[in-house]
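Asker: Take a look at the following structure, please.
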Amino acid sequence: MATILDGRATSAAIKDDLKKKVEAMVAEGKNPPHLVAVMVGNNPASKAYVGNKIKFCGEVGFKSTLLQFETSITEAELLAEVDKLNNDPGVDGYIVQLPLPEHISEDKVIETVHPDKDVDGFHVQNVGKMVAGLPTYLPATPFGITKMMEHYGISASGKNVVVIGRSHIVGRPISILLSQSRPYGNGTVTVCHSRTQNIKEICAEADILVVAIGKANFVTADMVKEGAVVIDVGMNRVEDASRKRGYKLVGDVDYEAVEPKASYITPVPGGVGPMTIAGLMLNTYQSALNRK
């Protein structure tokens, strides 16, 4: 029976710690951290994510602002809004919620975000610092995963780590972090993706398996080593007529089949998701400490 890596409980512990730190900051006469969320359109998933981030801000004493724009906004207009945030001394950090409408280049928007306010950790300057092992804002989801590992005393040191997925948001950065000389790192990391040969055999050798491929129930029991740590980053909607909303949320791992073999496993939902928000908030608090 696997130990559940409870993202909600771990996030709550981080939340309590942040709340105390913000109270101390305000008691010293300083402004609380200020996070701005920029959202274009009314994507239901994006609205839910942003809502959770704003709720977290309120619970720890951060100031939060939501800037919402219609999908008709032009790329130039959105870049101008981003530039305003770059130059606003009252804003510690901000996020531009993805995805954006097709007529707006996500890369161009990310490149326009000032690295000092890039609390999502996506700017190439911050990515470069992460690769070099320098202090920086880490991408929120990989950062959250590492905080969860620390919370449960899980280290990759000397272990075979397999990451399925190579996105710049999750797969690539977590593979770098787990291979680096960090408290939770020092692993021997293999990155698998759509072109990987013998993926089942490679995964079956993993002591720690991180799955971020975006395919429901992709990892089956025969792909998992007995006693492995399984971290499921996936969040997929699967039709389920028995549910009132007509679907259920599942991860990239076949949880019911894999859980009996794992030593630790993240549930979906309630695993990595809350830790992504925790990572974002830790970055925002750090940005407030870095105020000139």
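Residue numbers start at 1 in each chain; chains themselves are named A, B, ... in the order of the structure tokens; ligands are numbered from 1 in the order shown.
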Tell me which protein, DNA and RNA residues are within 8 Å of segment 231-235 of chain A, counting only C-alpha atoms, leaving out same-chain ones fewer than 3 positions away, and put them as a PDB file with C-alpha atoms, in the first residue's frame.
Answerer:
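Writing done, so here's out.pdb:
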```
ATOM      1  CA  ILE A 208      11.320   7.625  -9.171  1.00  0.00           C
ATOM      2  CA  LEU A 209       8.888   8.090 -12.058  1.00  0.00           C
ATOM      3  CA  VAL A 210       7.606  11.569 -12.970  1.00  0.00           C
ATOM      4  CA  VAL A 211       4.825  11.505 -15.556  1.00  0.00           C
ATOM      5  CA  ALA A 212       3.876  14.659 -17.471  1.00  0.00           C
ATOM      6  CA  ILE A 213       2.755  13.496 -20.897  1.00  0.00           C
ATOM      7  CA  GLY A 214      -0.907  14.592 -20.978  1.00  0.00           C
ATOM      8  CA  LYS A 215      -2.411  11.182 -21.810  1.00  0.00           C
ATOM      9  CA  ALA A 216      -4.979   9.692 -19.470  1.00  0.00           C
ATOM     10  CA  LEU A 249     -10.462  13.959 -13.662  1.00  0.00           C
ATOM     11  CA  VAL A 250      -7.702  11.383 -13.996  1.00  0.00           C
ATOM     12  CA  GLY A 251      -3.941  11.585 -14.246  1.00  0.00           C
ATOM     13  CA  ASP A 252      -1.413  10.201 -16.705  1.00  0.00           C
ATOM     14  CA  VAL A 253      -1.011   7.162 -14.427  1.00  0.00           C
ATOM     15  CA  ILE A 265       2.168   8.093  -5.246  1.00  0.00           C
ATOM     16  CA  THR A 266       0.384  11.376  -5.963  1.00  0.00           C
ATOM     17  CA  PRO A 267      -3.399  11.329  -6.373  1.00  0.00           C
ATOM     18  CA  VAL A 268      -5.231  13.228  -9.133  1.00  0.00           C
ATOM     19  CA  PRO A 269      -6.676  15.606  -8.213  1.00  0.00           C
ATOM     20  CA  GLY A 271      -1.424  15.839  -5.699  1.00  0.00           C
ATOM     21  CA  VAL A 272       0.758  18.044  -7.862  1.00  0.00           C
ATOM     22  CA  GLY A 273      -1.945  20.647  -8.618  1.00  0.00           C
TER      23      GLY A 273
END
```
Asker: Show which residues sit within 6 Å of segment 179-190 of chain A, as a list of chain:residue names. Count only C-alpha atoms, and ignore same-chain residues fewer than 2 positions away.
Answerer: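 The filter keeps A:Ser155, A:Ala156, A:Ser157, A:Gly158, A:Lys159, A:Asn160, A:Val161, A:Val162, A:Ile176, A:Leu177.
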Asker: I'd like to know which of A:Leu100, A:Leu134, A:Val163, A:Phe62 is closest to Glu23 of chain A, using only C-alpha atoms.
Answerer: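 Nearest to Glu23 of chain A: A:Phe62.
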Asker: Could you pull out the residues in segment 84-271 of chain A that DSSP calls alpha helix (DSSP H) from the backbone, as a ChimeraX atom specification?
Answerer: /A:84-86,106-112,124-132,140-151,171-179,199-203,255-258
Asker: Just list the residues in segment 45-287 of chain A DSSP gives strand (DSSP E or B) on the backbone, as a count of residues only.
Answerer: 42
Asker: Quick one: residues within 9 Å of Lys108 of chain A, only C-alpha atoms, excluding same-chain residues fewer than 5 positions away - as a count of residues only?
Answerer: 3
Asker: Which of these residues is nearest to Gly7 of chain A, using only C-alpha atoms: A:Tyr152, A:Tyr285, A:Tyr247, A:Tyr255?
Answerer: A:Tyr152
Asker: Can you write out as JSON lines which residues of segment 96-132 of chain A fall within 8 Å of segment 36-41 of chain A, alongside each residue's closest atom pair and its distance in Å to one decimal, counting only C-alpha atoms and ordering rows by chain and ascending residue number?
Answerer:
```
{"residue": "A:Val96", "atom": "CA", "partner": "A:Val38", "partner_atom": "CA", "distance": 4.7}
{"residue": "A:Gln97", "atom": "CA", "partner": "A:Met39", "partner_atom": "CA", "distance": 5.4}
{"residue": "A:Leu98", "atom": "CA", "partner": "A:Met39", "partner_atom": "CA", "distance": 7.9}
{"residue": "A:Leu100", "atom": "CA", "partner": "A:Val40", "partner_atom": "CA", "distance": 6.5}
{"residue": "A:Pro101", "atom": "CA", "partner": "A:Val40", "partner_atom": "CA", "distance": 7.6}
```
Asker: His34 of chain A: which residues within 8 Å, counting only C-alpha atoms, same-chain residues fewer than 5 positions away excluded, as a list in words?
Answerer: Phe62, Lys63, Ser64, Thr65, Gly90, Val91, Asp92, Gly93, Thr284 and Ala288 of chain A
Asker: Go ahead and save the picked residues with C-alpha atoms, as a short mmCIF file (atom, residue, chain, number, x, y, z; two decimals), in the first residue's frame.
Answerer:
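Now in out_33.cif:
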```cif
data_model
loop_
_atom_site.label_atom_id
_atom_site.label_comp_id
_atom_site.auth_asym_id
_atom_site.auth_seq_id
_atom_site.Cartn_x
_atom_site.Cartn_y
_atom_site.Cartn_z
CA PHE A 62 -0.92 38.63 -0.20
CA LYS A 63 -2.47 41.41 -2.24
CA SER A 64 -3.85 40.08 -5.53
CA THR A 65 -5.19 41.71 -8.68
CA GLY A 90 3.70 48.13 -6.55
CA VAL A 91 3.68 44.76 -8.34
CA ASP A 92 6.09 42.10 -7.05
CA GLY A 93 5.24 39.41 -9.53
CA THR A 284 6.02 35.69 -5.24
CA ALA A 288 8.76 40.73 -2.45
#
```
Asker: Within 8 Å of Ser11 of chain A, counting only C-alpha atoms, which residues show up once you throw out same-chain ones fewer than 2 positions away? Write them as a ChimeraX atom specification, please.
Answerer: /A:7-9,13-15,274-275,278
